[in-house]
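Chemist: Provided herewith: coords-v5.tsv, TSV, C-alpha atoms.
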chain	number	residue	atom	x	y	z
A	1492	MET	CA	0.02	8.24	4.39
A	1493	LYS	CA	-2.72	5.59	4.47
A	1494	ILE	CA	-4.12	5.39	7.99
A	1495	VAL	CA	-6.81	3.15	9.40
A	1496	ILE	CA	-8.72	4.56	12.36
A	1497	GLY	CA	-11.43	3.21	14.59
A	1498	SER	CA	-13.16	3.56	17.91
A	1499	ASP	CA	-15.84	2.08	20.06
A	1500	LYS	CA	-18.60	4.27	21.50
A	1501	ALA	CA	-16.35	5.63	24.27
A	1502	GLY	CA	-13.75	6.87	21.80
A	1503	PHE	CA	-16.11	8.13	19.13
A	1504	GLN	CA	-15.88	11.91	19.73
A	1505	LEU	CA	-12.08	11.90	19.98
A	1506	LYS	CA	-11.82	9.65	16.93
A	1507	GLU	CA	-13.92	12.06	14.90
A	1508	ARG	CA	-11.64	14.97	15.87
A	1509	ILE	CA	-8.48	13.00	15.05
A	1510	LYS	CA	-9.96	11.80	11.76
A	1511	LYS	CA	-10.69	15.42	10.77
A	1512	LEU	CA	-7.14	16.46	11.68
A	1513	LEU	CA	-5.64	13.64	9.61
A	1514	THR	CA	-7.82	14.42	6.61
A	1515	GLU	CA	-6.87	18.10	6.81
A	1516	GLN	CA	-3.20	17.04	6.81
A	1517	GLY	CA	-3.76	15.15	3.56
A	1518	HIS	CA	-3.72	11.59	4.87
A	1519	ALA	CA	-5.95	8.91	3.35
A	1520	VAL	CA	-8.09	7.79	6.29
A	1521	LYS	CA	-10.27	4.69	6.47
A	1522	ASP	CA	-12.66	4.44	9.43
A	1523	VAL	CA	-13.41	0.87	10.51
A	1524	GLY	CA	-15.00	1.72	13.85
A	1525	THR	CA	-18.10	3.32	15.22
A	1526	VAL	CA	-19.53	5.82	12.76
A	1527	ASP	CA	-22.79	6.39	14.66
A	1528	THR	CA	-23.10	6.22	18.46
A	1529	ASP	CA	-26.56	4.72	18.12
A	1530	HIS	CA	-24.90	1.70	16.46
A	1531	PRO	CA	-21.49	1.36	18.15
A	1532	ARG	CA	-18.87	-1.18	17.11
A	1533	PRO	CA	-17.11	-2.80	20.09
A	1534	HIS	CA	-13.34	-3.05	20.39
A	1535	THR	CA	-13.54	-6.76	19.59
A	1536	VAL	CA	-14.83	-5.86	16.11
A	1537	THR	CA	-12.99	-2.59	15.47
A	1538	ALA	CA	-9.46	-3.65	16.47
A	1539	PRO	CA	-9.39	-6.77	14.23
A	1540	ALA	CA	-10.74	-4.73	11.30
A	1541	ALA	CA	-7.91	-2.21	11.73
A	1542	ALA	CA	-5.27	-4.90	12.20
A	1543	LYS	CA	-6.35	-6.65	9.02
A	1544	GLU	CA	-6.08	-3.40	7.02
A	1545	ILE	CA	-2.43	-3.15	8.06
A	1546	MET	CA	-1.76	-6.86	7.55
A	1547	LYS	CA	-3.10	-6.61	3.97
A	1548	GLY	CA	-1.01	-3.50	3.28
A	1549	GLU	CA	-4.11	-1.35	2.85
A	1550	ALA	CA	-2.89	0.97	5.63
A	1551	GLU	CA	0.57	1.89	6.86
A	1552	LYS	CA	-0.41	2.84	10.40
A	1553	GLY	CA	-3.44	2.63	12.64
A	1554	ILE	CA	-5.07	4.66	15.39
A	1555	LEU	CA	-7.54	3.01	17.74
A	1556	ILE	CA	-9.46	4.82	20.44
A	1557	CYS	CA	-11.58	3.44	23.26
A	1558	GLY	CA	-12.08	4.47	26.88
A	1559	THR	CA	-8.59	3.51	28.08
A	1560	GLY	CA	-6.91	2.25	24.90
A	1561	MET	CA	-6.28	-1.08	26.63
A	1562	GLY	CA	-9.07	-3.12	25.05
A	1563	MET	CA	-8.12	-2.03	21.54
A	1564	SER	CA	-4.46	-2.81	22.18
A	1565	ILE	CA	-5.12	-6.26	23.61
A	1566	VAL	CA	-7.30	-7.29	20.67
A	1567	ALA	CA	-5.13	-5.72	17.96
A	1568	ASN	CA	-2.01	-7.42	19.32
A	1569	LYS	CA	-3.58	-10.83	18.73
A	1570	HIS	CA	-2.78	-10.37	15.02
A	1571	LYS	CA	0.52	-11.29	13.40
A	1572	GLY	CA	2.65	-8.27	12.55
A	1573	ILE	CA	0.61	-5.89	14.64
A	1574	TYR	CA	2.35	-3.91	17.36
A	1575	ALA	CA	-0.29	-1.81	19.10
A	1576	ALA	CA	0.88	0.49	21.88
A	1577	VAL	CA	-1.29	2.19	24.49
A	1578	VAL	CA	0.09	5.70	24.77
A	1579	GLU	CA	-0.71	8.52	27.20
A	1580	SER	CA	2.04	11.05	26.36
A	1581	VAL	CA	3.89	12.55	23.42
A	1582	TYR	CA	7.10	10.97	24.73
A	1583	ALA	CA	5.54	7.50	24.71
A	1584	ALA	CA	4.14	8.11	21.21
A	1585	GLU	CA	7.65	8.90	19.99
A	1586	TYR	CA	9.37	6.02	21.72
A	1587	CYS	CA	6.82	3.34	20.85
A	1588	ARG	CA	7.85	4.05	17.24
A	1589	LYS	CA	11.58	4.60	17.78
A	1590	ILE	CA	12.18	1.56	19.99
A	1591	ASN	CA	9.31	-0.86	19.35
A	1592	ASP	CA	8.32	-0.03	15.75
A	1593	ALA	CA	4.65	0.11	16.83
A	1594	ASN	CA	2.24	0.33	13.91
A	1595	ILE	CA	-0.97	1.07	15.84
A	1596	LEU	CA	-1.40	3.87	18.34
A	1597	CYS	CA	-4.05	3.18	20.98
A	1598	ILE	CA	-5.48	6.11	22.91
A	1599	GLY	CA	-7.81	6.26	25.89
A	1600	ALA	CA	-10.45	8.94	25.37
A	1601	PHE	CA	-11.24	8.92	29.11
A	1602	ILE	CA	-7.56	9.68	29.84
A	1603	VAL	CA	-6.14	11.88	27.07
A	1604	GLY	CA	-7.55	15.25	26.00
A	1605	GLU	CA	-8.00	16.33	22.40
A	1606	THR	CA	-4.93	18.58	22.20
A	1607	MET	CA	-2.63	15.95	23.72
A	1608	ALA	CA	-4.11	13.25	21.48
A	1609	ALA	CA	-3.45	15.36	18.38
A	1610	GLU	CA	0.17	15.89	19.43
A	1611	MET	CA	0.58	12.18	20.14
A	1612	VAL	CA	-0.85	11.24	16.74
A	1613	ASN	CA	1.41	13.68	14.90
A	1614	THR	CA	4.46	12.42	16.78
A	1615	PHE	CA	3.54	8.79	16.18
A	1616	LEU	CA	3.08	9.33	12.45
A	1617	ASN	CA	6.25	11.39	12.03
A	1618	THR	CA	8.68	9.22	13.97
A	1619	GLY	CA	10.56	6.36	12.37
A	1620	PHE	CA	11.89	3.16	13.84
A	1621	VAL	CA	15.37	3.82	15.36
A	1622	GLN	CA	15.16	7.47	14.25
A	1623	ASP	CA	18.07	9.62	15.50
A	1624	PHE	CA	19.76	6.82	17.46
A	1625	PRO	CA	23.51	6.14	17.34
A	1626	GLN	CA	24.57	3.23	15.15
A	1627	TRP	CA	25.22	0.84	18.05
A	1628	ARG	CA	21.65	1.32	19.29
A	1629	VAL	CA	20.20	1.02	15.78
A	1630	GLU	CA	21.92	-2.34	15.36
A	1631	PHE	CA	20.78	-3.51	18.80
A	1632	LEU	CA	17.14	-2.52	18.22
A	1633	GLN	CA	17.10	-4.01	14.72
A	1634	GLY	CA	18.37	-7.26	16.25
A	1635	GLN	CA	15.69	-7.14	18.92
A	1636	ASN	CA	13.07	-6.49	16.25
A	1637	GLU	CA	14.28	-9.54	14.31
A	1638	THR	CA	14.18	-11.65	17.49
A	1639	LEU	CA	10.59	-10.53	18.10
A	1640	ARG	CA	9.55	-11.36	14.53
A	1641	ASN	CA	11.16	-14.81	14.79
A	1642	TYR	CA	9.34	-15.41	18.06
A	1643	GLU	CA	6.12	-14.24	16.44
A	1644	GLU	CA	6.59	-16.72	13.54
A	1645	LYS	CA	6.72	-19.58	16.07
A	1646	GLN	CA	3.76	-18.33	18.08
A	1647	PHE	CA	1.53	-17.86	15.04
A	1648	ALA	CA	2.61	-21.09	13.34
A	1649	ASP	CA	-0.30	-23.09	14.76
Could you render the structure as structure tokens?

Modeler:
Amino acid sequence: MKIVIGSDKAGFQLKERIKKLLTEQGHAVKDVGTVDTDHPRPHTVTAPAAAKEIMKGEAEKGILICGTGMGMSIVANKHKGIYAAVVESVYAAEYCRKINDANILCIGAFIVGETMAAEMVNTFLNTGFVQDFPQWRVEFLQGQNETLRNYEEKQFAD
């Protein structure tokens, strides 16, 4: 899978560990964030760079890491077609995909440890939208997804 990853200075160490894990798993990883803590890239630069990779189809999913995950999520969600979820558990990583079809996982390095982050990333990447739901729920969530996309078209029309 093509994955875009990025962090600010606060998320740098965790990002490096996750990037190594993804590469070892055979994913194509593009780093658009801080690559040197002496020259950090803030969330207001990193999150748009990641969002644009997904918008252009250059990446299928994204992982953004800062101190809390909140700053990355707020900025990434300002882009059309980007659904960035701040996640602090494996359960939330699964359900942000299953229910909300999130395409960017945002993690807080001050909050989540390395082992938990790795589990969250693996779950996020291996869970599909509406995966394992009964048909009635699949239809409902697909309808909600369409409603969201229609709303998004109106909001981004200007």

Chemist: Which residue out of A:Glu1605, A:Glu1549, A:Glu1643, A:Glu1610 has the minimum interatomic distance to Lys1506 in chain A when only C-alpha atoms are used?

Modeler: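 Comparing A:Glu1605, A:Glu1549, A:Glu1643, A:Glu1610 against Lys1506 in chain A, the winner is A:Glu1605.
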
Chemist: Can you tell me how far CA of Gly1634 in chain A sits from CA of Met1611 in chain A, in Å to one decimal?

Modeler: 26.6 Å

Chemist: How far is it from CA of Leu1616 in chain A to CA of Asp1592 in chain A, in Å with one decimal?

Modeler: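 These two atoms are separated by 11.2 Å.
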
Chemist: To one decimal in Å, tell me the separation between CA of Val1566 in chain A and CA of Val1495 in chain A.

Modeler: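 Atom-to-atom, CA of Val1566 in chain A and CA of Val1495 in chain A are spaced 15.4 Å apart.
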
Chemist: Considering all atoms listed in the file, state which residue in the set A:Val1526, A:Cys1557, A:Ala1538, A:Ile1573 is at the smallest distance from Arg1640 in chain A.

Modeler: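 Among A:Val1526, A:Cys1557, A:Ala1538, A:Ile1573, it is A:Ile1573 that comes nearest to Arg1640 in chain A.
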
Chemist: Could you list, as a PyMOL selection string, every residue within 12 Å of Tyr1582 in chain A, counting only C-alpha atoms and ignoring same-chain residues fewer than 4 positions away?

Modeler: chain A and resi 1578+1586-1590+1607-1608+1610-1615+1618

Chemist: Could you list, as an NGL selection string, every residue within 10 Å of Glu1579 in chain A, counting only C-alpha atoms and ignoring same-chain residues fewer than 2 positions away?

Modeler: :A and (1559-1560 or 1576-1577 or 1581-1584 or 1597-1600 or 1602-1604 or 1607-1608 or 1611)

Chemist: Name the residues in contact with Gln1646 in chain A at a cut-off of 12 Å, using all atoms listed in the file, excluding same-chain residues fewer than 3 positions from it; report them as an mmCIF file with C-alpha atoms, in the frame of the given file.

Modeler:
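Below you can see out-v6.cif, which holds the result:
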data_model
loop_
_atom_site.group_PDB
_atom_site.id
_atom_site.type_symbol
_atom_site.label_atom_id
_atom_site.label_comp_id
_atom_site.auth_asym_id
_atom_site.auth_seq_id
_atom_site.Cartn_x
_atom_site.Cartn_y
_atom_site.Cartn_z
ATOM 1 C CA LYS A 1569 -3.580 -10.830 18.730
ATOM 2 C CA HIS A 1570 -2.780 -10.370 15.020
ATOM 3 C CA LYS A 1571 0.520 -11.290 13.400
ATOM 4 C CA GLY A 1572 2.650 -8.270 12.550
ATOM 5 C CA LEU A 1639 10.590 -10.530 18.100
ATOM 6 C CA ARG A 1640 9.550 -11.360 14.530
ATOM 7 C CA ASN A 1641 11.160 -14.810 14.790
ATOM 8 C CA TYR A 1642 9.340 -15.410 18.060
ATOM 9 C CA GLU A 1643 6.120 -14.240 16.440
ATOM 10 C CA ASP A 1649 -0.300 -23.090 14.760
#

Chemist: Select, from A:Leu1513, A:Ala1541, A:Met1546, A:Ala1501, the residue with the minimum atom-to-atom distance to Asp1529 in chain A, counting all atoms listed in the file.

Modeler: A:Ala1501

Chemist: Quick one: what's the axis-aligned box for range 1509-1519 of chain A, all listed atoms, 8 Å on every side, centre and edges in Å to one decimal, as lines of an AutoDock Vina configuration file?

Modeler:
center_x = -6.9
center_y = 13.5
center_z = 9.2
size_x = 23.5
size_y = 25.2
size_z = 27.7

Chemist: So which one's closest to Thr1537 in chain A, A:Ile1496, A:Ala1593, A:Ile1565, A:Val1520? Using all atoms listed in the file, please.

Modeler: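 Comparing A:Ile1496, A:Ala1593, A:Ile1565, A:Val1520 against Thr1537 in chain A, the winner is A:Ile1496.
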
Chemist: Mind checking which residues fall within 8 Å of Tyr1574 in chain A, counting all atoms listed in the file, ignoring those fewer than 3 positions away in the same chain, and posting them as an NGL selection string?

Modeler: :A and (1567-1568 or 1591-1595)

Chemist: For each of A:Gly1497, A:Gly1502, A:Pro1531, A:Gly1517, take the minimum atom-to-atom distance to Gly1553 in chain A, counting all atoms listed in the file, then give the residue where this is smallest.

Modeler: A:Gly1497

Chemist: List the spatial neighbours of Phe1631 in chain A as number ranges by chain - criterion: any atom at most 12 Å away, all atoms listed in the file, same-chain residues fewer than 5 positions off excluded.

Modeler: A: 1590-1591, 1621, 1624-1626, 1636-1638

Chemist: Please, could N, CA and C atoms be added to range 1503-1514 of chain A and the result written as a compact mmCIF listing (two decimals), in the coordinates of the input?

Modeler:
# COMPACT_ATOMS: atom_id res chain seq x y z
N PHE A 1503 -15.55 7.57 20.36
CA PHE A 1503 -16.11 8.13 19.13
C PHE A 1503 -15.80 9.61 18.92
N GLN A 1504 -16.07 10.46 19.91
CA GLN A 1504 -15.88 11.91 19.73
C GLN A 1504 -14.41 12.25 19.46
N LEU A 1505 -13.51 11.65 20.20
CA LEU A 1505 -12.08 11.90 19.98
C LEU A 1505 -11.65 11.37 18.62
N LYS A 1506 -12.15 10.22 18.24
CA LYS A 1506 -11.82 9.65 16.93
C LYS A 1506 -12.25 10.58 15.81
N GLU A 1507 -13.43 11.15 15.93
CA GLU A 1507 -13.92 12.06 14.90
C GLU A 1507 -13.01 13.29 14.78
N ARG A 1508 -12.54 13.81 15.90
CA ARG A 1508 -11.64 14.97 15.87
C ARG A 1508 -10.30 14.61 15.25
N ILE A 1509 -9.77 13.44 15.60
CA ILE A 1509 -8.48 13.00 15.05
C ILE A 1509 -8.63 12.70 13.56
N LYS A 1510 -9.72 12.10 13.18
CA LYS A 1510 -9.96 11.80 11.76
C LYS A 1510 -9.99 13.10 10.94
N LYS A 1511 -10.63 14.12 11.46
CA LYS A 1511 -10.69 15.42 10.77
C LYS A 1511 -9.29 16.01 10.64
N LEU A 1512 -8.51 15.95 11.70
CA LEU A 1512 -7.14 16.46 11.68
C LEU A 1512 -6.32 15.73 10.61
N LEU A 1513 -6.41 14.43 10.57
CA LEU A 1513 -5.64 13.64 9.61
C LEU A 1513 -6.04 13.95 8.17
N THR A 1514 -7.32 14.08 7.95
CA THR A 1514 -7.82 14.42 6.61
C THR A 1514 -7.32 15.79 6.18
